[in-house]
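*Asks:* Dropping the structure in here first, questions after.
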Amino acid sequence: MARRSARRRRVEVTVRPQLAVTYSLADDNPSEWARRREDQGWDCLAVTDHLVTDYRPPFPHLWVSAGAIAAVTSRVTVATAFVNGVFRHPADTAQAARQLQQVSNGRFELGVGAGWYEAEMTAIGLPWPEPGARAGAFAEAVQVLRPLLAGEPCRFDGRYYSIDLPAVGPADVAPPPLIASVGGPRTTREVTPYLDRVEVKPAAAATRGGMLDWDVYATVTDDDVDDLLARVRRVRNDIPVDMFVICNAAEDRATKERAEQLGDGFAAQFFGSPSAVAESIMGLAERGVGRITLSALDPESIDRLAPLLVG
């Protein structure tokens, strides 16, 4: 497949999307990482929520890391990308989110997801729900979160959650915005109405089996991504739409092999030289994407992309 030629330049677009990067390496001190990323100019710093995956070392703790990032920054938005719905209860999530809104002086945004990695659940002895149950619990969780994030009591009696709870967290904070990652028709239809922002995940089809299947990811096309965006807009045309992008900005052998594996699929453009990857990232704005959250396989990719995107 022909790849874009490397060009060391900053990418310009008419309407610049917000740019977020994920903190996902436990060996990095979250405070030092956050100071460096804020100085580089990123708009949002997001924390991922895993114990382990099959393609990255152990992850940092979600709430500990988000609190540390909020404490040492002053400008950036602090977010979760995304709270794992399989092993985190929405009431606990709401309590933590309101506390982080207080700690960050109103800069926190709560991102939630259904959970997708089976191996980390079986490793700790928790059952792995089938896809329909994960989607159903996710749809109920956002309904539980909505009043609790607003500092209100929640009474909810569903199939997966039964809640009768007074307000949680600090009383005098504004509700943090609620974002969710959607991919399939059901979650798009049932989750989107309750959100302040929605994030589409092109890799969703590749994670339905409980792991990230790169061969399946290679089959996701530009048309598939456009269909994802159109599906969201049919549910709520007015909602801001974000996108989660797995990437690697490097010219080493591993990155080239991953790009070759992804072939002509949508995801391949985010694996390659920093200038080519940056151009592809900013090109997402033409699809109406308002925020792009980058999850780099090699964290040094973020340093390579910074002068091209936000420097």
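Ordering of the structure tokens sets the chain letters (A, B, ...), residue numbers begin anew at 1 in every chain, and ligands are numbered from 1 in the order given.
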Excluding Ile179 of chain A and residues on its chain fewer than 2 positions from it, collect all residues at most 10 Å away from it, counting only C-alpha atoms, and give them as an mmCIF file with N, CA and C atoms, in the first residue's frame.

*Replies:*
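around_1.cif, freshly written:
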```cif
data_model
loop_
_atom_site.group_PDB
_atom_site.id
_atom_site.type_symbol
_atom_site.label_atom_id
_atom_site.label_comp_id
_atom_site.auth_asym_id
_atom_site.auth_seq_id
_atom_site.Cartn_x
_atom_site.Cartn_y
_atom_site.Cartn_z
ATOM 1 N N ALA A 79 -9.867 13.799 31.859
ATOM 2 C CA ALA A 79 -10.975 12.916 31.494
ATOM 3 C C ALA A 79 -10.609 11.465 31.734
ATOM 4 N N THR A 80 -11.615 10.609 31.715
ATOM 5 C CA THR A 80 -11.407 9.169 31.724
ATOM 6 C C THR A 80 -11.757 8.618 30.346
ATOM 7 N N ALA A 81 -10.942 7.673 29.852
ATOM 8 C CA ALA A 81 -11.134 7.132 28.504
ATOM 9 C C ALA A 81 -10.856 5.631 28.489
ATOM 10 N N PHE A 82 -11.745 4.834 28.943
ATOM 11 C CA PHE A 82 -13.050 5.128 29.526
ATOM 12 C C PHE A 82 -13.201 4.282 30.780
ATOM 13 N N GLU A 109 -14.074 15.643 32.938
ATOM 14 C CA GLU A 109 -15.129 15.082 32.099
ATOM 15 C C GLU A 109 -15.104 13.568 32.260
ATOM 16 N N LEU A 110 -16.279 12.994 32.502
ATOM 17 C CA LEU A 110 -16.384 11.561 32.737
ATOM 18 C C LEU A 110 -16.679 10.824 31.437
ATOM 19 N N GLY A 111 -15.737 9.979 31.028
ATOM 20 C CA GLY A 111 -15.952 9.098 29.896
ATOM 21 C C GLY A 111 -16.163 7.678 30.380
ATOM 22 N N VAL A 112 -17.216 7.019 29.881
ATOM 23 C CA VAL A 112 -17.528 5.658 30.320
ATOM 24 C C VAL A 112 -17.649 4.736 29.108
ATOM 25 N N GLY A 113 -17.377 3.457 29.336
ATOM 26 C CA GLY A 113 -17.480 2.463 28.277
ATOM 27 C C GLY A 113 -18.040 1.160 28.808
ATOM 28 N N VAL A 142 -25.599 4.482 32.227
ATOM 29 C CA VAL A 142 -25.645 5.917 31.932
ATOM 30 C C VAL A 142 -26.914 6.553 32.494
ATOM 31 N N PRO A 176 -20.099 17.101 36.112
ATOM 32 C CA PRO A 176 -19.119 16.909 35.038
ATOM 33 C C PRO A 176 -19.813 16.392 33.787
ATOM 34 N N PRO A 177 -19.382 16.810 32.601
ATOM 35 C CA PRO A 177 -19.967 16.287 31.366
ATOM 36 C C PRO A 177 -19.821 14.766 31.294
ATOM 37 N N SER A 181 -18.333 5.915 25.036
ATOM 38 C CA SER A 181 -17.811 5.319 23.819
ATOM 39 C C SER A 181 -18.841 4.339 23.270
ATOM 40 N N VAL A 182 -19.279 4.565 22.042
ATOM 41 C CA VAL A 182 -20.259 3.672 21.419
ATOM 42 C C VAL A 182 -19.703 3.135 20.105
ATOM 43 N N VAL A 191 -27.612 4.492 24.399
ATOM 44 C CA VAL A 191 -26.718 5.253 25.280
ATOM 45 C C VAL A 191 -26.647 6.723 24.885
ATOM 46 N N THR A 192 -26.578 7.005 23.589
ATOM 47 C CA THR A 192 -26.372 8.368 23.093
ATOM 48 C C THR A 192 -27.357 9.395 23.658
ATOM 49 N N TYR A 194 -28.461 10.010 26.469
ATOM 50 C CA TYR A 194 -28.185 10.462 27.835
ATOM 51 C C TYR A 194 -26.873 11.238 27.965
ATOM 52 N N LEU A 195 -26.195 11.492 26.867
ATOM 53 C CA LEU A 195 -24.826 12.000 26.925
ATOM 54 C C LEU A 195 -24.734 13.491 26.624
ATOM 55 N N ASP A 196 -23.587 14.074 27.054
ATOM 56 C CA ASP A 196 -23.218 15.431 26.652
ATOM 57 C C ASP A 196 -22.319 15.422 25.426
ATOM 58 N N ARG A 197 -21.522 14.381 25.302
ATOM 59 C CA ARG A 197 -20.695 14.138 24.116
ATOM 60 C C ARG A 197 -20.703 12.637 23.864
ATOM 61 N N VAL A 198 -20.485 12.249 22.620
ATOM 62 C CA VAL A 198 -20.400 10.833 22.298
ATOM 63 C C VAL A 198 -19.096 10.582 21.554
ATOM 64 N N GLU A 199 -18.448 9.481 21.873
ATOM 65 C CA GLU A 199 -17.202 9.146 21.193
ATOM 66 C C GLU A 199 -17.401 7.862 20.404
ATOM 67 N N PRO A 240 -22.112 16.775 20.189
ATOM 68 C CA PRO A 240 -20.715 16.786 19.756
ATOM 69 C C PRO A 240 -20.177 15.365 19.636
ATOM 70 N N VAL A 241 -19.439 15.103 18.565
ATOM 71 C CA VAL A 241 -18.945 13.759 18.286
ATOM 72 C C VAL A 241 -17.420 13.746 18.351
ATOM 73 N N ASP A 242 -16.868 12.808 19.120
ATOM 74 C CA ASP A 242 -15.437 12.620 19.258
ATOM 75 C C ASP A 242 -15.054 11.274 18.637
#
```

*Asks:* How would you write, as a count of residues only, the set of residues in segment 247-292 of chain A that DSSP gives as alpha helix (DSSP H)?

*Replies:* 20

*Asks:* Would you return as a list of chain:residue names the members of segment 77-146 of chain A that DSSP assigns to strand (DSSP E or B) on this structure's backbone?

*Replies:*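 Selection result, strand (DSSP E or B) within segment 77-146 of chain A: A:Thr77, A:Val78, A:Ala79, A:Thr80, A:Val83, A:Asn84, A:Phe108, A:Glu109, A:Leu110, A:Gly111, A:Val112, A:Gly113.
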
*Asks:* Write the residues of the selection above to a file with N, CA, C and O atoms, as a PDB file, in the first residue's frame.

*Replies:*
```pdb
ATOM      1  N   THR A  77      -8.219  19.922  30.163  1.00  0.00           N
ATOM      2  CA  THR A  77      -9.327  19.095  30.617  1.00  0.00           C
ATOM      3  C   THR A  77      -8.764  17.759  31.079  1.00  0.00           C
ATOM      4  O   THR A  77      -7.837  17.212  30.482  1.00  0.00           O
ATOM      5  N   VAL A  78      -9.323  17.219  32.156  1.00  0.00           N
ATOM      6  CA  VAL A  78      -8.945  15.906  32.668  1.00  0.00           C
ATOM      7  C   VAL A  78     -10.133  14.974  32.439  1.00  0.00           C
ATOM      8  O   VAL A  78     -11.268  15.318  32.768  1.00  0.00           O
ATOM      9  N   ALA A  79      -9.867  13.799  31.859  1.00  0.00           N
ATOM     10  CA  ALA A  79     -10.975  12.916  31.494  1.00  0.00           C
ATOM     11  C   ALA A  79     -10.609  11.465  31.734  1.00  0.00           C
ATOM     12  O   ALA A  79      -9.435  11.111  31.915  1.00  0.00           O
ATOM     13  N   THR A  80     -11.615  10.609  31.715  1.00  0.00           N
ATOM     14  CA  THR A  80     -11.407   9.169  31.724  1.00  0.00           C
ATOM     15  C   THR A  80     -11.757   8.618  30.346  1.00  0.00           C
ATOM     16  O   THR A  80     -12.750   9.014  29.738  1.00  0.00           O
ATOM     17  N   VAL A  83     -14.047   4.717  31.720  1.00  0.00           N
ATOM     18  CA  VAL A  83     -14.321   3.897  32.887  1.00  0.00           C
ATOM     19  C   VAL A  83     -14.881   2.552  32.413  1.00  0.00           C
ATOM     20  O   VAL A  83     -15.808   2.499  31.614  1.00  0.00           O
ATOM     21  N   ASN A  84     -14.298   1.468  32.906  1.00  0.00           N
ATOM     22  CA  ASN A  84     -14.652   0.116  32.469  1.00  0.00           C
ATOM     23  C   ASN A  84     -15.947  -0.340  33.146  1.00  0.00           C
ATOM     24  O   ASN A  84     -15.969  -0.618  34.345  1.00  0.00           O
ATOM     25  N   PHE A 108     -13.033  18.451  34.909  1.00  0.00           N
ATOM     26  CA  PHE A 108     -13.137  17.014  34.704  1.00  0.00           C
ATOM     27  C   PHE A 108     -14.298  16.653  33.785  1.00  0.00           C
ATOM     28  O   PHE A 108     -15.368  17.272  33.840  1.00  0.00           O
ATOM     29  N   GLU A 109     -14.074  15.643  32.938  1.00  0.00           N
ATOM     30  CA  GLU A 109     -15.129  15.082  32.099  1.00  0.00           C
ATOM     31  C   GLU A 109     -15.104  13.568  32.260  1.00  0.00           C
ATOM     32  O   GLU A 109     -14.036  12.944  32.164  1.00  0.00           O
ATOM     33  N   LEU A 110     -16.279  12.994  32.502  1.00  0.00           N
ATOM     34  CA  LEU A 110     -16.384  11.561  32.737  1.00  0.00           C
ATOM     35  C   LEU A 110     -16.679  10.824  31.437  1.00  0.00           C
ATOM     36  O   LEU A 110     -17.723  11.021  30.819  1.00  0.00           O
ATOM     37  N   GLY A 111     -15.737   9.979  31.028  1.00  0.00           N
ATOM     38  CA  GLY A 111     -15.952   9.098  29.896  1.00  0.00           C
ATOM     39  C   GLY A 111     -16.163   7.678  30.380  1.00  0.00           C
ATOM     40  O   GLY A 111     -15.404   7.190  31.215  1.00  0.00           O
ATOM     41  N   VAL A 112     -17.216   7.019  29.881  1.00  0.00           N
ATOM     42  CA  VAL A 112     -17.528   5.658  30.320  1.00  0.00           C
ATOM     43  C   VAL A 112     -17.649   4.736  29.108  1.00  0.00           C
ATOM     44  O   VAL A 112     -17.969   5.173  27.997  1.00  0.00           O
ATOM     45  N   GLY A 113     -17.377   3.457  29.336  1.00  0.00           N
ATOM     46  CA  GLY A 113     -17.480   2.463  28.277  1.00  0.00           C
ATOM     47  C   GLY A 113     -18.040   1.160  28.808  1.00  0.00           C
ATOM     48  O   GLY A 113     -18.160   0.962  30.028  1.00  0.00           O
TER      49      GLY A 113
END
```

*Asks:* Name the residues in contact with segment 131-141 of chain A at a cut-off of 9 Å, using only C-alpha atoms, excluding same-chain residues fewer than 5 positions from it; report them as a list in words.

*Replies:*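 What passes the distance filter is Gly85, Val86, His89, Pro90, Ala91, Val112, Gly113, Ala114, Gly115, Trp116, Arg146, Phe156, Gly158, Arg159, Tyr160, Tyr161, Gly184, Arg186, Thr187, Glu190, Val191, Thr192, Arg208, Gly209 and Gly210 of chain A.
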
*Asks:* Within 9 Å of Thr207 of chain A, counting only C-alpha atoms, which residues qualify if same-chain residues fewer than 2 places away don't, as a ChimeraX atom specification?

*Replies:* /A:116-117,203-205,209-213,216-217

*Asks:* Write the selection just made, keeping N, CA, C and O atoms, as a compact mmCIF listing (two decimals), in the first residue's frame?

*Replies:*
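Once everything was written out, this is part-v8.txt:
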```txt
# COMPACT_ATOMS: atom_id res chain seq x y z
N TRP A 116 -14.27 -4.22 27.31
CA TRP A 116 -14.11 -5.07 26.13
C TRP A 116 -13.06 -6.17 26.27
O TRP A 116 -13.01 -7.09 25.47
N TYR A 117 -12.20 -6.13 27.30
CA TYR A 117 -11.09 -7.08 27.36
C TYR A 117 -11.39 -8.21 28.34
O TYR A 117 -11.37 -8.03 29.56
N ALA A 203 -12.57 0.90 16.37
CA ALA A 203 -12.09 -0.44 16.71
C ALA A 203 -13.14 -1.29 17.38
O ALA A 203 -12.87 -2.44 17.75
N ALA A 204 -14.38 -0.77 17.55
CA ALA A 204 -15.39 -1.51 18.30
C ALA A 204 -15.64 -2.90 17.73
O ALA A 204 -15.76 -3.88 18.47
N ALA A 205 -15.72 -3.01 16.41
CA ALA A 205 -15.98 -4.31 15.79
C ALA A 205 -14.86 -5.31 16.09
O ALA A 205 -15.09 -6.52 16.15
N GLY A 209 -15.07 -9.66 20.50
CA GLY A 209 -14.73 -11.01 20.95
C GLY A 209 -13.98 -11.04 22.27
O GLY A 209 -13.52 -12.11 22.68
N GLY A 210 -13.84 -9.89 22.93
CA GLY A 210 -13.17 -9.84 24.23
C GLY A 210 -11.69 -9.57 24.15
O GLY A 210 -10.98 -9.70 25.16
N MET A 211 -11.19 -9.20 22.98
CA MET A 211 -9.78 -8.83 22.81
C MET A 211 -9.71 -7.92 21.58
O MET A 211 -10.69 -7.78 20.84
N LEU A 212 -8.56 -7.27 21.38
CA LEU A 212 -8.38 -6.46 20.18
C LEU A 212 -7.85 -7.35 19.07
O LEU A 212 -6.70 -7.78 19.09
N ASP A 213 -8.72 -7.63 18.11
CA ASP A 213 -8.37 -8.49 16.98
C ASP A 213 -7.90 -7.61 15.82
O ASP A 213 -8.72 -6.97 15.15
N VAL A 216 -9.41 -8.25 12.35
CA VAL A 216 -10.75 -7.68 12.19
C VAL A 216 -10.66 -6.16 12.03
O VAL A 216 -11.37 -5.57 11.21
N TYR A 217 -9.79 -5.54 12.81
CA TYR A 217 -9.62 -4.09 12.73
C TYR A 217 -9.21 -3.68 11.31
O TYR A 217 -9.62 -2.62 10.82
```

*Asks:* Would you mind telling me which residue in A:Pro30, A:Pro307, A:Gly151, A:Gly290 lies nearest to Pro170 of chain A when using only C-alpha atoms?

*Replies:*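 Looking only at the distances to Pro170 of chain A, the closest residue turns out to be A:Gly151.
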
*Asks:* Which residues, written as a ChimeraX atom specification, have at least one atom at most 8 Å from segment 18-22 of chain A, with only C-alpha atoms counted and residues fewer than 5 positions away on the same chain left out?

*Replies:* /A:42-48,81,290-296,302

*Asks:* Please list as a PyMOL selection string every residue within 12 Å of Glu257 of chain A, counting only C-alpha atoms and excluding residues in the same chain fewer than 6 positions away.

*Replies:* chain A and resi 1+214+248+250-251+263+268+271-272

*Asks:* Hey, which of A:Ala218, A:Leu51, A:Ala306, A:Ile163 ends up closest to Gln261 of chain A? Count only C-alpha atoms.

*Replies:*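 Of the candidates, the smallest distance to Gln261 of chain A is held by A:Ala218.
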